[in-house]
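**Student:** Here it is, the structure in full.
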Amino acid sequence: MSKAAKEDELIRYLHMARNTDEHTANPVVRKQPAGISINGSAPGRGLYIRRLEFMRDGSFVLNAPLGATVEAIPPKVEPEILTNRYGEFPLPTSHRGEKLESTDLTTLGKLGLEFYRDAFKDLESVGWDS
């Protein structure tokens, strides 16, 4: 494992995520399916559903005489706490000495790519690829 992977929480996590995915059957992400939330239209008003029918095209028909608010909940894929033969690896909380604002997959991936782009630029600047 490189020095950066040992010292930086994000890079260590990404390194272990790769190893966990390649060498174990343990999950590296948690999938949350899409959903729907139906609530009363006003606090304390209650919710009465007279009819709720889901159609084949994915739409639905809702008859709620007291009114209702409907919220679509998109699916999510979130990073998982990793477990492999080296131990357990929680989600990173920092990168390059700064606190991470988010641990969503997009943020972790972008920061990892930036780190490795910078590392390759540093290597090229000292003649690594000549």
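Simple scheme: letters A, B, ... for chains in structure tokens order, numbers from 1 for residues in each chain, numbers from 1 for ligands in the order shown.
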Using only C-alpha atoms, determine which residues lie at most 6 Å from segment 62-70 of chain A, disregarding the query and same-chain residues fewer than 2 positions distant; provide the list as a list in words.

**Tutor:**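 Final neighbour list, sorted by chain and number: Ser37, Ile38, Asn39, Gly40, Ser41, Tyr48, Ile49, Arg50, Arg51 and Leu52 of chain A.
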
**Student:** If you run DSSP on this backbone, which residues of segment 12-82 of chain A come out as alpha helix (DSSP H), and could you give them as a ChimeraX atom specification?

**Tutor:** /A:12-23

**Student:** Considering only C-alpha atoms, return as a list of chain:residue names whatever protein or nucleic-acid residues lie within 12 Å of Glu114 of chain A, sequence-local ones (same chain, fewer than 5 positions apart) excluded.

**Tutor:**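 Counting only the stated atoms, we get A:Leu10, A:Ile11, A:His95, A:Arg96, A:Thr107, A:Leu108, A:Gly109, A:Ala119, A:Phe120, A:Lys121.
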
**Student:** So that I can see what lies close to Ala34 of chain A, please list as a short mmCIF file (atom, residue, chain, number, x, y, z; two decimals) with N, CA, C and O atoms, in the first residue's frame the residues with an atom at most 8 Å from it, counting only C-alpha atoms and leaving out residues fewer than 5 positions away in the same chain.

**Tutor:**
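Just written: part_21.cif:
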```
data_model
loop_
_atom_site.label_atom_id
_atom_site.label_comp_id
_atom_site.auth_asym_id
_atom_site.auth_seq_id
_atom_site.Cartn_x
_atom_site.Cartn_y
_atom_site.Cartn_z
N ALA A 72 -41.95 11.47 -4.79
CA ALA A 72 -41.18 10.37 -5.38
C ALA A 72 -39.82 10.35 -4.70
O ALA A 72 -39.16 11.37 -4.56
N ILE A 73 -39.39 9.18 -4.28
CA ILE A 73 -38.10 9.01 -3.63
C ILE A 73 -37.20 8.25 -4.60
O ILE A 73 -37.46 7.09 -4.91
N PRO A 74 -36.17 8.93 -5.13
CA PRO A 74 -35.32 8.27 -6.13
C PRO A 74 -34.46 7.17 -5.51
O PRO A 74 -34.19 7.19 -4.31
N PRO A 75 -34.04 6.22 -6.32
CA PRO A 75 -33.14 5.18 -5.80
C PRO A 75 -31.79 5.80 -5.44
O PRO A 75 -31.40 6.84 -5.97
N LYS A 76 -31.08 5.15 -4.53
CA LYS A 76 -29.75 5.63 -4.11
C LYS A 76 -28.78 4.47 -4.07
O LYS A 76 -29.16 3.34 -3.75
#
```

**Student:** Kindly indicate which residue among A:Glu101, A:Glu71, A:Glu53, A:Glu80 lies nearest to Met16 of chain A, using only C-alpha atoms for the distances.

**Tutor:** A:Glu80

**Student:** Would you pick out the contacts of Asn84 of chain A at 8 Å or less, using only C-alpha atoms, so that residues sharing its chain but fewer than 6 positions from it are not included, and give the list as a list in words?

**Tutor:** Thr20, Thr24 and Asn26 of chain A

**Student:** Emit the selected residues as an mmCIF file, in the first residue's frame, including N, CA, C and O atoms.

**Tutor:**
```cif
data_model
loop_
_atom_site.group_PDB
_atom_site.id
_atom_site.type_symbol
_atom_site.label_atom_id
_atom_site.label_comp_id
_atom_site.auth_asym_id
_atom_site.auth_seq_id
_atom_site.Cartn_x
_atom_site.Cartn_y
_atom_site.Cartn_z
ATOM 1 N N THR A 20 -11.657 -4.966 -1.572
ATOM 2 C CA THR A 20 -12.839 -5.674 -1.081
ATOM 3 C C THR A 20 -13.691 -6.162 -2.240
ATOM 4 O O THR A 20 -14.160 -7.295 -2.251
ATOM 5 N N THR A 24 -13.216 -10.220 -2.318
ATOM 6 C CA THR A 24 -14.179 -10.787 -1.370
ATOM 7 C C THR A 24 -15.570 -10.752 -2.002
ATOM 8 O O THR A 24 -15.767 -10.167 -3.061
ATOM 9 N N ASN A 26 -17.918 -9.435 -0.139
ATOM 10 C CA ASN A 26 -18.540 -8.421 0.718
ATOM 11 C C ASN A 26 -18.982 -7.219 -0.108
ATOM 12 O O ASN A 26 -18.318 -6.826 -1.063
#
```

**Student:** For the atom pair atom CA of Gly97 of chain A and atom CA of Val29 of chain A, what is the interatomic distance in Å to one decimal place?

**Tutor:**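 Interatomic distance, atom CA of Gly97 of chain A to atom CA of Val29 of chain A: 24.8 Å.
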